[in-house]
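Engineer: Starting off with a structure, shown below.
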Amino acid sequence: MVPLGAAETPLKNASLMPLWSPQAQFAGYYVALDKGIYARHGIDLEILRAGPGCSPADELKNGTADFAIFWLTTALQHRAEGTELVNLAQIIQRSAMMLISKKSAGIETIEDMNGKKVGLWEGDVSIPPRTLFARHGIKVREVRQSHTVNLFLRGGIDVASAMWFNEYHTLLNSGIDPEELNVIFLRDQGMNFPEDGIYTMEKTLRDDPVMVEAFVNASLEGWRYAFDHPDETLDIVIKHMREAHLPANRMHQKWMLERMRDLMRPVDPQGILGYLVEQDYEAVGRAMQKHGLIQGYPDYSVFVWRANAGQR
């Protein structure tokens, strides 16, 4: 007689490297972990420590992570350099990146930034604004921007890079009124470069397509649960933030979760959660190639996973 549970299939070990430290930007994954959704889909998932000094794309490439979260521009750059990665799901559908200045600085357009001190983050996330400046034929005085808004608040830069779900709200919480700011969304400048996506290596997809599909299904289920149960989700996110010894402001995380809902919603009402639209992919690839950031980019059918899990 077979003991009860002996025939159960063991969970498959897998790891995920987020783009940054625990916060509501990644709520769906932490919810799927804590609510047992990954386990129910047959996966024993470890969410790896991320943050300053960590490159999800590099962790994916060197095999430390099975899955990673990073921007489409980052993925195309690494793909152009020979890294055989593939987009499994496009989480953020519309760009959340902004360039912010104080109205007192008189900067109302991209052209007004010519010669101004503009804060840019290090690494691949500076690709979209640099592409925008190249498109407008302007040269800004690039200043390395840390992961706080302090330099902008102290007047050390004229323009700050910001994400709608994060730094913009931090500025408002610092006591600045929205009416005091000039805000330029990159997406309103013809630069709707979709950001957070789920990626894996082609080898991982070839070796275990069932596990990959299960991971994507569980992740998207985690996001749906997160949006349907926001208070519980905030409890989970804040728990993980405290475990990582990070300051946790519930109001800020609530704003972030609500903006993630906005950003993940497909632009087309008939669209599919987590689906990378071909026109968006082509637009990003063409823009990066035109401005010399990449030599070329693969065909959409090669770059984007088109199994059933990617078309719900």
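Residues in the structure tokens are numbered from 1 in each chain, the chains being A, B, ... in the order shown, and ligands are numbered from 1 in the order shown.
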Going by DSSP on the backbone, which bits of range 17-254 of chain A are alpha helix (DSSP H)? Write them as a PyMOL selection string, please.
Structural biologist: chain A and resi 27-34+37-40+56-61+72-80+127-136+150-153+167-173+202-207+209-228+230-243+250-254
Engineer: Each residue of range 159-242 of chain A lying at most 8 Å from range 91-106 of chain A should get a row with its shortest atom-to-atom pair and the distance in Å to one decimal, counting only C-alpha atoms; could you produce that, ordered by chain and increasing number, as CSV?
Structural biologist:
residue,atom,partner,partner_atom,distance
A:Val159,CA,A:Ser101,CA,4.7
A:Ala160,CA,A:Ile100,CA,5.2
A:Ser161,CA,A:Leu99,CA,4.9
A:Ala162,CA,A:Met98,CA,5.1
A:Met163,CA,A:Met97,CA,4.6
A:Trp164,CA,A:Ala96,CA,5.2
A:Phe165,CA,A:Ala96,CA,7.2
A:Glu180,CA,A:Lys103,CA,5.6
A:Leu181,CA,A:Lys102,CA,4.6
A:Asn182,CA,A:Ser101,CA,5.3
A:Val183,CA,A:Ile100,CA,4.8
A:Ile184,CA,A:Leu99,CA,5.2
A:Phe185,CA,A:Met98,CA,4.4
A:Leu186,CA,A:Met98,CA,5.8
A:Arg187,CA,A:Ser95,CA,5.7
A:Met191,CA,A:Ser95,CA,7.9
A:Asn192,CA,A:Ser95,CA,5.2
A:Phe193,CA,A:Ser95,CA,5.5
A:Pro194,CA,A:Ser95,CA,5.1
A:Glu195,CA,A:Ile92,CA,5.6
A:Asp196,CA,A:Ile92,CA,5.3
A:Gly197,CA,A:Ile91,CA,5.0
A:Ile198,CA,A:Ile91,CA,7.1
Engineer: Please, could you write that set of residues out with N, CA, C and O atoms as a short mmCIF file (atom, residue, chain, number, x, y, z; two decimals), in the first residue's frame?
Structural biologist:
data_model
loop_
_atom_site.label_atom_id
_atom_site.label_comp_id
_atom_site.auth_asym_id
_atom_site.auth_seq_id
_atom_site.Cartn_x
_atom_site.Cartn_y
_atom_site.Cartn_z
N VAL A 159 16.53 68.90 -13.14
CA VAL A 159 15.52 67.92 -13.54
C VAL A 159 15.84 66.59 -12.88
O VAL A 159 17.01 66.17 -12.86
N ALA A 160 14.83 65.93 -12.36
CA ALA A 160 15.02 64.63 -11.72
C ALA A 160 14.34 63.53 -12.53
O ALA A 160 13.26 63.75 -13.11
N SER A 161 14.96 62.38 -12.59
CA SER A 161 14.29 61.19 -13.10
C SER A 161 13.37 60.66 -12.00
O SER A 161 13.72 60.71 -10.82
N ALA A 162 12.22 60.18 -12.38
CA ALA A 162 11.27 59.68 -11.38
C ALA A 162 10.36 58.64 -12.00
O ALA A 162 10.14 58.63 -13.22
N MET A 163 9.85 57.77 -11.16
CA MET A 163 8.80 56.83 -11.56
C MET A 163 7.49 57.31 -10.94
O MET A 163 7.46 57.74 -9.79
N TRP A 164 6.44 57.21 -11.71
CA TRP A 164 5.13 57.66 -11.26
C TRP A 164 4.72 56.98 -9.96
O TRP A 164 4.14 57.59 -9.06
N PHE A 165 5.03 55.69 -9.85
CA PHE A 165 4.58 54.93 -8.69
C PHE A 165 5.50 55.10 -7.47
O PHE A 165 5.20 54.59 -6.40
N GLU A 180 3.38 72.87 -8.09
CA GLU A 180 4.72 73.46 -8.10
C GLU A 180 5.67 72.75 -9.06
O GLU A 180 6.81 73.18 -9.25
N LEU A 181 5.21 71.67 -9.66
CA LEU A 181 6.07 70.84 -10.49
C LEU A 181 5.65 70.84 -11.95
O LEU A 181 4.46 70.89 -12.27
N ASN A 182 6.64 70.77 -12.83
CA ASN A 182 6.41 70.46 -14.23
C ASN A 182 6.78 68.99 -14.43
O ASN A 182 7.89 68.58 -14.09
N VAL A 183 5.84 68.24 -14.94
CA VAL A 183 6.03 66.80 -15.08
C VAL A 183 5.91 66.42 -16.55
O VAL A 183 4.93 66.76 -17.21
N ILE A 184 6.90 65.71 -17.05
CA ILE A 184 6.87 65.21 -18.42
C ILE A 184 6.97 63.69 -18.37
O ILE A 184 7.99 63.14 -17.96
N PHE A 185 5.88 63.01 -18.77
CA PHE A 185 5.91 61.56 -18.91
C PHE A 185 6.61 61.22 -20.22
O PHE A 185 6.29 61.80 -21.27
N LEU A 186 7.54 60.27 -20.17
CA LEU A 186 8.20 59.87 -21.41
C LEU A 186 7.21 59.28 -22.41
O LEU A 186 7.37 59.45 -23.62
N ARG A 187 6.17 58.64 -21.90
CA ARG A 187 5.19 58.02 -22.80
C ARG A 187 4.44 59.07 -23.61
O ARG A 187 3.93 58.78 -24.69
N MET A 191 7.60 58.03 -26.33
CA MET A 191 8.59 57.11 -25.77
C MET A 191 7.91 56.15 -24.79
O MET A 191 8.30 56.05 -23.64
N ASN A 192 6.88 55.48 -25.26
CA ASN A 192 6.21 54.52 -24.38
C ASN A 192 7.01 53.21 -24.38
O ASN A 192 6.66 52.25 -25.05
N PHE A 193 8.11 53.23 -23.63
CA PHE A 193 8.97 52.06 -23.53
C PHE A 193 8.48 51.22 -22.35
O PHE A 193 8.74 51.59 -21.19
N PRO A 194 7.77 50.11 -22.58
CA PRO A 194 7.29 49.28 -21.48
C PRO A 194 8.45 48.87 -20.57
O PRO A 194 9.54 48.54 -21.04
N GLU A 195 8.21 48.88 -19.29
CA GLU A 195 9.29 48.66 -18.33
C GLU A 195 9.28 47.22 -17.79
O GLU A 195 9.70 46.30 -18.48
N ASP A 196 8.87 46.99 -16.57
CA ASP A 196 9.04 45.68 -15.93
C ASP A 196 8.45 44.53 -16.76
O ASP A 196 7.26 44.55 -17.11
N GLY A 197 9.29 43.56 -17.04
CA GLY A 197 8.85 42.33 -17.69
C GLY A 197 9.49 41.14 -17.00
O GLY A 197 10.48 41.30 -16.28
N ILE A 198 8.93 39.95 -17.20
CA ILE A 198 9.50 38.72 -16.65
C ILE A 198 10.33 38.05 -17.75
O ILE A 198 9.83 37.83 -18.86
#
Engineer: Mind checking which residues fall within 8 Å of Lys117 in chain A, counting only C-alpha atoms, ignoring those fewer than 5 positions away in the same chain, and posting them as a PDB file with N, CA, C and O atoms, in the first residue's frame?
Structural biologist:
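Wrote out-v9.pdb, looks like this:
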ATOM      1  N   VAL A 140      22.284  67.379 -22.362  1.00  0.00           N
ATOM      2  CA  VAL A 140      22.057  67.783 -20.979  1.00  0.00           C
ATOM      3  C   VAL A 140      23.339  67.551 -20.183  1.00  0.00           C
ATOM      4  O   VAL A 140      24.235  66.832 -20.626  1.00  0.00           O
ATOM      5  N   ARG A 141      23.420  68.162 -19.037  1.00  0.00           N
ATOM      6  CA  ARG A 141      24.542  67.928 -18.123  1.00  0.00           C
ATOM      7  C   ARG A 141      24.123  66.800 -17.195  1.00  0.00           C
ATOM      8  O   ARG A 141      23.373  67.004 -16.251  1.00  0.00           O
ATOM      9  N   GLU A 142      24.581  65.601 -17.509  1.00  0.00           N
ATOM     10  CA  GLU A 142      24.151  64.429 -16.746  1.00  0.00           C
ATOM     11  C   GLU A 142      24.764  64.441 -15.351  1.00  0.00           C
ATOM     12  O   GLU A 142      25.965  64.650 -15.188  1.00  0.00           O
ATOM     13  N   VAL A 143      23.914  64.218 -14.362  1.00  0.00           N
ATOM     14  CA  VAL A 143      24.343  64.113 -12.979  1.00  0.00           C
ATOM     15  C   VAL A 143      23.860  62.772 -12.439  1.00  0.00           C
ATOM     16  O   VAL A 143      22.685  62.418 -12.607  1.00  0.00           O
ATOM     17  N   ILE A 157      20.139  69.520  -8.781  1.00  0.00           N
ATOM     18  CA  ILE A 157      19.859  69.247 -10.194  1.00  0.00           C
ATOM     19  C   ILE A 157      18.612  70.026 -10.597  1.00  0.00           C
ATOM     20  O   ILE A 157      17.768  70.361  -9.772  1.00  0.00           O
ATOM     21  N   ASP A 158      18.521  70.324 -11.897  1.00  0.00           N
ATOM     22  CA  ASP A 158      17.366  71.054 -12.420  1.00  0.00           C
ATOM     23  C   ASP A 158      16.196  70.122 -12.713  1.00  0.00           C
ATOM     24  O   ASP A 158      15.027  70.513 -12.596  1.00  0.00           O
ATOM     25  N   VAL A 159      16.531  68.902 -13.138  1.00  0.00           N
ATOM     26  CA  VAL A 159      15.519  67.924 -13.544  1.00  0.00           C
ATOM     27  C   VAL A 159      15.843  66.588 -12.879  1.00  0.00           C
ATOM     28  O   VAL A 159      17.007  66.169 -12.860  1.00  0.00           O
TER      29      VAL A 159
END
Engineer: Could you make a table, as a tab-separated table, of the residues of range 113-223 of chain A that have an atom within 9 Å of an atom of range 238-262 of chain A, each with its nearest atom pair and distance in Å to one decimal, counting only C-alpha atoms, in chain and number order?
Structural biologist:
residue	atom	partner	partner_atom	distance
A:Trp164	CA	A:Arg259	CA	7.5
A:Phe165	CA	A:Met256	CA	4.6
A:Asn166	CA	A:Met256	CA	6.3
A:His169	CA	A:His252	CA	7.1
A:Thr170	CA	A:His252	CA	7.5
A:Asn173	CA	A:His252	CA	8.6
A:Trp223	CA	A:Arg261	CA	8.8
Engineer: Run DSSP on the backbone and grab whatever in range 74-179 of chain A lands in strand (DSSP E or B); send it over as a PyMOL selection string.
Structural biologist: chain A and resi 85-90+97-102+117-120+141-144+159-163
Engineer: Compare A:Gly190, A:Pro298, A:Gly137, A:Pro230 by their minimum atom-to-atom distance to Asn114 in chain A, counting only C-alpha atoms, and give me the closest one.
Structural biologist: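 Closest to Asn114 in chain A, using only C-alpha atoms: A:Gly137.
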Engineer: To one decimal place, how far is CA of Leu85 in chain A from CA of Val212 in chain A in Å?
Structural biologist: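 Separation between CA of Leu85 in chain A and CA of Val212 in chain A: 13.0 Å.
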Engineer: For Tyr275 in chain A, list every protein, DNA or RNA residue within 6 Å, evaluated using only C-alpha atoms, and leave out those in the same chain fewer than 3 positions away; present the list as a PyMOL selection string.
Structural biologist: chain A and resi 89-90+272
Engineer: Write the residues of the preceding selection, restricted to C-alpha atoms, as a short mmCIF file (atom, residue, chain, number, x, y, z; two decimals), in the first residue's frame.
Structural biologist:
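Now in again_37.cif:
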data_model
loop_
_atom_site.label_atom_id
_atom_site.label_comp_id
_atom_site.auth_asym_id
_atom_site.auth_seq_id
_atom_site.Cartn_x
_atom_site.Cartn_y
_atom_site.Cartn_z
CA ALA A 89 5.33 38.34 -19.67
CA GLN A 90 5.23 42.12 -19.98
CA ILE A 272 -4.33 40.38 -22.21
#
Engineer: Pick out the closest residue to Met264 in chain A from this set: A:Phe227, A:Ala214, A:Ser55, A:Ser146. Count only C-alpha atoms.
Structural biologist: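 Among the listed residues, A:Phe227 lies closest to Met264 in chain A.
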Engineer: Neighbouring residues of range 200-206 of chain A were defined as those with any atom within 9 Å, considering only C-alpha atoms; residues of the same chain fewer than 3 positions away were excluded. Please report them as a ChimeraX atom specification.
Structural biologist: /A:60-61,63,65-68,83-88,209-213,305
